[in-house]
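Working notes, structure below.
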Amino acid sequence: MFSPLRYWTPIVLLLLAVACSSSESPRPQPGDLVEGWPRASGGLKVDLRLLDSGEVIARHVPTQNSRGEKTSAKLFKYDSRGELIANPLGETLDTMGAISVDAQQRILTVFTNYDYGRPYPERQPYPRVCRALSSDGSADLSFGNGGGCVDAEDVRYGDTLAAYQVPSGGVLVGWTGSARLIQWTDSGVRDPHFGTDGVVSLGELVSLTSFAIQSDGRILAATAGYNGGARKVVRLTPSGELDPSFGSGGSLSEEGWIRKRTDDSFFAVNGRLLRRYLPDGTLDVTFGAGGVVDLNEVTGGTEADEFGVHQIAEDRAGRLYVGAGWRRASSESGATQGVLMTRLTSDGALDPAFGVRTDFGQPMGSIASILEGADGKIWVSFSTSSEPGLMLLWP
């Protein structure tokens with residue numbers, strides 16, 4: 001009497017499997033928004049930094065008035081899923097410039113001398129570089145004057161671009177307006193082995209647009225002349241001297257901002273063009289067409305009067321995430337503009353699995369930061385005309 005049951009059991013199980021599979025939601029595709037995102041952030045996050053723990057540090061943009069006066073911006077910490085972590089870091093640690101995380105998981109922050117958020121007697125007269133513990137935001141008392149900070153008394157004007165740890169453990173800071181690099185030792189005293197009293201000037205009437213430190217301590221720095229002047233990328237030795245073995249006599253001409261890769265090669269962005277260079281400043285011909293990718297062309301050839309790359313980030317698989325914006329003039333309805341995001345393969349081709357994303361659930365004006373999280377998901381900070389926020393995308 002059990003034979004009919006044995007006969008029907010496989011069929012019933014098959015029908016159940018088909019029913020269950022048909023009721024499952026579609027599998028997320030690369031570039032899809034993680035459920036519940038994007039989210040308003042209550043203030044634009046312009047910096048995102050990943051900790052070894054998988055947590056993410058984010059910085060708000062400082063408020064600024066018409067006279068260039070700024071107030072400091074808070075730092076916040078999120079878990080790997082993007083949930084805000086309530087801890088003292090978001091209550092006590094703030095900054096006015098870019099942030100970075102060093103090899104010891106300490107946070108480097110910068111205050112400029114435009115700290116007008118305080119009454120006049122309490123204004124910060126000089127730029128200040130601070131190092132704090134990422135665990136709770138408390139000052140690293142081993143750095144500087146005992147309070148975790150050092151002052152740059154010889155820099156009166158100009159915003160700081162970034163602060164990074166050098167291989168020796170010291171801290172290198174770049175100033176945009178004065179195009180200067182200043183280096184401190186790990187304990188917070190001026191490094192006498194760098195430039196003159198720890199200072200290197202990159203030239204008169206130029207601004208520093210980006211810089212990076214290679215694994216051997218050599219420094220890549222991108223500069224631009226004021227009012228649309230000439231742009232170039234130079235490489236300095238660890239002591240701050242021009243490195244003639246790089247590019248053409250130590251520099252590359254007509255290149256915009258740069259992003260270093262883990263193997264010390266680097267990307268250079270100039271409008272719609274993205275180039276990949278080997279560490280010595282020669283083009284990497286395995287990328288794109290002879291080392292060059294036209295982002296406008298590879299993403300569909302938008303007929304735009306202006307097309308520029310906002311941000312790039314490389315994941316652990318060597319794929320490149322690119323956020324860009326375009327603007328097209330129209331005599332009928334004024335200018336139209338848009339923001340797109342795409343992923344390139346390691347050789348610079350458009351990744352068809354990701355495609356080109358333009359619909360993010362709400363209008364976007366720019367992409368401020370891109371970061372691969374510990375679980376592989378892609379964090380994106382962005383701005384809109386009304387409500388900036390964060391996105392989390394499937395890789």
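Order determines the names: the first chain of the structure tokens is A, the second B, and so forth; residues in each chain are numbered 1 upward, and ligands are numbered 1 upward as they are shown.
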
Return as a PyMOL selection string the full set of residues in stretch 130-318 of chain A whose backbone-based DSSP assignment is strand (DSSP E).
-> chain A and resi 130-133+149-151+160-165+171-175+180-184+199-201+206-213+219-225+231-236+251-253+258-260+266-270+273-277+292-294+306-314

Would you kindly return, as a PyMOL selection string, each protein, DNA or RNA residue with an atom no farther than 12 Å from any atom of A:Leu141, considering only C-alpha atoms and excluding same-chain residues fewer than 3 positions away?
-> chain A and resi 106+130-133+137-138+144-150+186-188

Atoms to include: all heavy atoms. Write the selected residues as a short mmCIF file (atom, residue, chain, number, x, y, z; two decimals), in the first residue's frame.
```cif
data_model
loop_
_atom_site.label_atom_id
_atom_site.label_comp_id
_atom_site.auth_asym_id
_atom_site.auth_seq_id
_atom_site.Cartn_x
_atom_site.Cartn_y
_atom_site.Cartn_z
N ARG A 106 44.54 54.95 13.22
CA ARG A 106 44.33 56.26 13.82
C ARG A 106 43.80 57.20 12.76
O ARG A 106 44.16 57.10 11.58
CB ARG A 106 45.63 56.80 14.42
CG ARG A 106 46.18 55.91 15.53
CD ARG A 106 47.57 56.32 15.95
NE ARG A 106 48.55 56.22 14.87
CZ ARG A 106 49.87 56.23 15.04
NH1 ARG A 106 50.36 56.33 16.27
NH2 ARG A 106 50.69 56.12 14.01
N CYS A 130 45.64 66.97 13.54
CA CYS A 130 45.40 66.16 14.74
C CYS A 130 45.34 64.67 14.38
O CYS A 130 44.97 64.29 13.27
CB CYS A 130 44.09 66.58 15.41
SG CYS A 130 44.03 68.32 15.93
N ARG A 131 45.69 63.85 15.37
CA ARG A 131 45.61 62.41 15.21
C ARG A 131 44.80 61.85 16.37
O ARG A 131 45.07 62.16 17.53
CB ARG A 131 47.02 61.80 15.19
CG ARG A 131 47.06 60.37 14.67
CD ARG A 131 48.48 59.96 14.31
NE ARG A 131 49.35 59.84 15.49
CZ ARG A 131 50.66 59.67 15.45
NH1 ARG A 131 51.27 59.61 14.27
NH2 ARG A 131 51.37 59.55 16.55
N ALA A 132 43.79 61.05 16.04
CA ALA A 132 42.87 60.54 17.06
C ALA A 132 42.71 59.03 16.89
O ALA A 132 42.97 58.47 15.82
CB ALA A 132 41.52 61.23 16.96
N LEU A 133 42.26 58.37 17.95
CA LEU A 133 42.02 56.93 17.92
C LEU A 133 40.67 56.66 17.30
O LEU A 133 39.67 57.29 17.65
CB LEU A 133 42.08 56.37 19.35
CG LEU A 133 43.35 56.69 20.15
CD1 LEU A 133 43.28 56.05 21.53
CD2 LEU A 133 44.60 56.24 19.41
N GLY A 137 37.51 58.07 19.21
CA GLY A 137 37.67 59.46 18.83
C GLY A 137 38.55 60.27 19.75
O GLY A 137 38.71 61.48 19.55
N SER A 138 39.14 59.64 20.76
CA SER A 138 39.99 60.38 21.70
C SER A 138 41.32 60.73 21.05
O SER A 138 41.77 60.07 20.12
CB SER A 138 40.21 59.57 22.98
OG SER A 138 40.88 58.35 22.68
N GLY A 144 52.34 65.25 18.75
CA GLY A 144 52.25 66.70 18.95
C GLY A 144 52.56 67.14 20.35
O GLY A 144 53.41 66.58 21.05
N ASN A 145 51.82 68.14 20.79
CA ASN A 145 52.12 68.82 22.05
C ASN A 145 51.48 68.17 23.26
O ASN A 145 51.30 68.84 24.30
CB ASN A 145 51.65 70.29 21.95
CG ASN A 145 50.19 70.40 21.57
OD1 ASN A 145 49.46 69.41 21.64
ND2 ASN A 145 49.76 71.58 21.18
N GLY A 146 51.12 66.93 23.15
CA GLY A 146 50.48 66.25 24.27
C GLY A 146 48.99 66.17 24.13
O GLY A 146 48.33 65.42 24.84
N GLY A 147 48.43 66.96 23.21
CA GLY A 147 46.99 66.94 23.00
C GLY A 147 46.59 66.26 21.70
O GLY A 147 45.44 66.31 21.29
N GLY A 148 47.57 65.64 21.04
CA GLY A 148 47.27 64.94 19.80
C GLY A 148 47.27 65.81 18.57
O GLY A 148 46.86 65.35 17.50
N CYS A 149 47.74 67.07 18.67
CA CYS A 149 47.69 67.99 17.54
C CYS A 149 49.02 68.74 17.39
O CYS A 149 49.78 68.88 18.35
CB CYS A 149 46.57 69.03 17.72
SG CYS A 149 44.90 68.33 17.82
N VAL A 150 49.27 69.23 16.16
CA VAL A 150 50.39 70.11 15.89
C VAL A 150 49.88 71.28 15.07
O VAL A 150 48.89 71.16 14.33
CB VAL A 150 51.53 69.40 15.12
CG1 VAL A 150 52.17 68.33 15.99
CG2 VAL A 150 51.01 68.80 13.81
N ASP A 186 56.59 60.91 13.38
CA ASP A 186 55.53 60.17 14.07
C ASP A 186 55.19 60.79 15.42
O ASP A 186 54.07 60.66 15.90
CB ASP A 186 55.97 58.72 14.25
CG ASP A 186 54.90 57.87 14.90
OD1 ASP A 186 53.76 57.86 14.39
OD2 ASP A 186 55.18 57.22 15.93
N SER A 187 56.15 61.49 16.04
CA SER A 187 55.88 62.12 17.33
C SER A 187 55.32 63.52 17.20
O SER A 187 54.92 64.12 18.19
CB SER A 187 57.16 62.15 18.17
OG SER A 187 58.14 62.95 17.52
N GLY A 188 55.29 64.07 15.97
CA GLY A 188 54.68 65.37 15.76
C GLY A 188 55.64 66.55 15.73
O GLY A 188 55.21 67.68 15.94
#
```

Interatomic distance (Å, one decimal) between atom CA of A:Ala349 and atom CA of A:Asp47 | 27.3 Å

All residues 9 Å or closer to A:Gly97, only C-alpha atoms, same chain fewer than 6 positions away omitted, as number ranges by chain | A: 61-62, 72-73, 109-112, 159-163

Export N, CA and C atoms of the chosen residues as a PDB file, in the first residue's frame?
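And here is the file that came out, part-v2.pdb:
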```pdb
ATOM      1  N   VAL A  61      30.374  67.702   5.304  1.00  0.00           N
ATOM      2  CA  VAL A  61      31.049  68.850   4.697  1.00  0.00           C
ATOM      3  C   VAL A  61      30.885  70.053   5.628  1.00  0.00           C
ATOM      4  N   PRO A  62      31.945  70.831   5.857  1.00  0.00           N
ATOM      5  CA  PRO A  62      31.803  72.020   6.690  1.00  0.00           C
ATOM      6  C   PRO A  62      30.891  73.048   6.026  1.00  0.00           C
ATOM      7  N   SER A  72      33.466  73.705  11.640  1.00  0.00           N
ATOM      8  CA  SER A  72      33.959  72.336  11.536  1.00  0.00           C
ATOM      9  C   SER A  72      32.805  71.363  11.306  1.00  0.00           C
ATOM     10  N   ALA A  73      33.155  70.170  10.830  1.00  0.00           N
ATOM     11  CA  ALA A  73      32.169  69.154  10.494  1.00  0.00           C
ATOM     12  C   ALA A  73      32.391  67.917  11.354  1.00  0.00           C
ATOM     13  N   THR A 109      43.057  64.196  11.054  1.00  0.00           N
ATOM     14  CA  THR A 109      42.122  65.256  10.721  1.00  0.00           C
ATOM     15  C   THR A 109      42.869  66.581  10.653  1.00  0.00           C
ATOM     16  N   VAL A 110      42.244  67.572  10.000  1.00  0.00           N
ATOM     17  CA  VAL A 110      42.886  68.867   9.794  1.00  0.00           C
ATOM     18  C   VAL A 110      41.886  69.985  10.056  1.00  0.00           C
ATOM     19  N   PHE A 111      42.344  71.009  10.780  1.00  0.00           N
ATOM     20  CA  PHE A 111      41.594  72.254  10.940  1.00  0.00           C
ATOM     21  C   PHE A 111      42.346  73.350  10.188  1.00  0.00           C
ATOM     22  N   THR A 112      41.625  74.149   9.413  1.00  0.00           N
ATOM     23  CA  THR A 112      42.265  75.271   8.739  1.00  0.00           C
ATOM     24  C   THR A 112      42.179  76.513   9.618  1.00  0.00           C
ATOM     25  N   ASP A 159      43.174  76.317   2.172  1.00  0.00           N
ATOM     26  CA  ASP A 159      42.629  75.114   2.779  1.00  0.00           C
ATOM     27  C   ASP A 159      43.602  73.957   2.672  1.00  0.00           C
ATOM     28  N   THR A 160      43.498  73.055   3.624  1.00  0.00           N
ATOM     29  CA  THR A 160      44.277  71.824   3.557  1.00  0.00           C
ATOM     30  C   THR A 160      43.584  70.855   2.611  1.00  0.00           C
ATOM     31  N   LEU A 161      44.368  70.094   1.883  1.00  0.00           N
ATOM     32  CA  LEU A 161      43.821  69.121   0.945  1.00  0.00           C
ATOM     33  C   LEU A 161      43.640  67.769   1.611  1.00  0.00           C
ATOM     34  N   ALA A 162      44.689  67.288   2.277  1.00  0.00           N
ATOM     35  CA  ALA A 162      44.620  65.983   2.921  1.00  0.00           C
ATOM     36  C   ALA A 162      45.824  65.797   3.833  1.00  0.00           C
ATOM     37  N   ALA A 163      45.733  64.793   4.709  1.00  0.00           N
ATOM     38  CA  ALA A 163      46.838  64.398   5.578  1.00  0.00           C
ATOM     39  C   ALA A 163      46.967  62.887   5.483  1.00  0.00           C
TER      40      ALA A 163
END
```

List the neighbours of A:Arg218 out to 9 Å using only C-alpha atoms; skip same-chain residues closer than 3 positions along the sequence, and give me the result as a PyMOL selection string.
-> chain A and resi 212-215+235-240+243

Grab the residues selected above and save them as a tab-separated table (two decimals), in the first residue's frame with N, CA, C and O atoms.
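Listed below is the output, part_21.tsv:
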```tsv
chain	number	residue	atom	x	y	z
A	212	ALA	N	49.60	61.82	-3.36
A	212	ALA	CA	49.57	60.46	-2.85
A	212	ALA	C	50.99	60.04	-2.53
A	212	ALA	O	51.96	60.62	-3.02
A	213	ILE	N	51.13	59.02	-1.69
A	213	ILE	CA	52.44	58.55	-1.24
A	213	ILE	C	52.62	57.11	-1.70
A	213	ILE	O	51.81	56.23	-1.37
A	214	GLN	N	53.67	56.86	-2.45
A	214	GLN	CA	53.96	55.51	-2.89
A	214	GLN	C	54.61	54.71	-1.76
A	214	GLN	O	55.05	55.28	-0.76
A	215	SER	N	54.69	53.39	-1.93
A	215	SER	CA	55.12	52.52	-0.84
A	215	SER	C	56.57	52.76	-0.43
A	215	SER	O	56.95	52.48	0.71
A	235	ARG	N	56.72	63.99	-9.29
A	235	ARG	CA	57.05	63.04	-8.24
A	235	ARG	C	58.27	63.55	-7.49
A	235	ARG	O	59.26	63.98	-8.09
A	236	LEU	N	58.17	63.48	-6.16
A	236	LEU	CA	59.25	63.91	-5.28
A	236	LEU	C	59.87	62.70	-4.60
A	236	LEU	O	59.19	61.69	-4.36
A	237	THR	N	61.13	62.80	-4.26
A	237	THR	CA	61.79	61.77	-3.47
A	237	THR	C	61.28	61.87	-2.03
A	237	THR	O	60.64	62.85	-1.65
A	238	PRO	N	61.55	60.87	-1.18
A	238	PRO	CA	61.12	60.96	0.21
A	238	PRO	C	61.65	62.19	0.94
A	238	PRO	O	61.06	62.61	1.94
A	239	SER	N	62.74	62.79	0.44
A	239	SER	CA	63.27	64.00	1.08
A	239	SER	C	62.69	65.27	0.49
A	239	SER	O	63.02	66.37	0.94
A	240	GLY	N	61.80	65.14	-0.52
A	240	GLY	CA	61.12	66.30	-1.06
A	240	GLY	C	61.74	66.90	-2.30
A	240	GLY	O	61.30	67.96	-2.75
A	243	ASP	N	62.07	64.13	-8.52
A	243	ASP	CA	62.62	62.84	-8.92
A	243	ASP	C	62.74	62.80	-10.44
A	243	ASP	O	61.73	62.62	-11.14
```
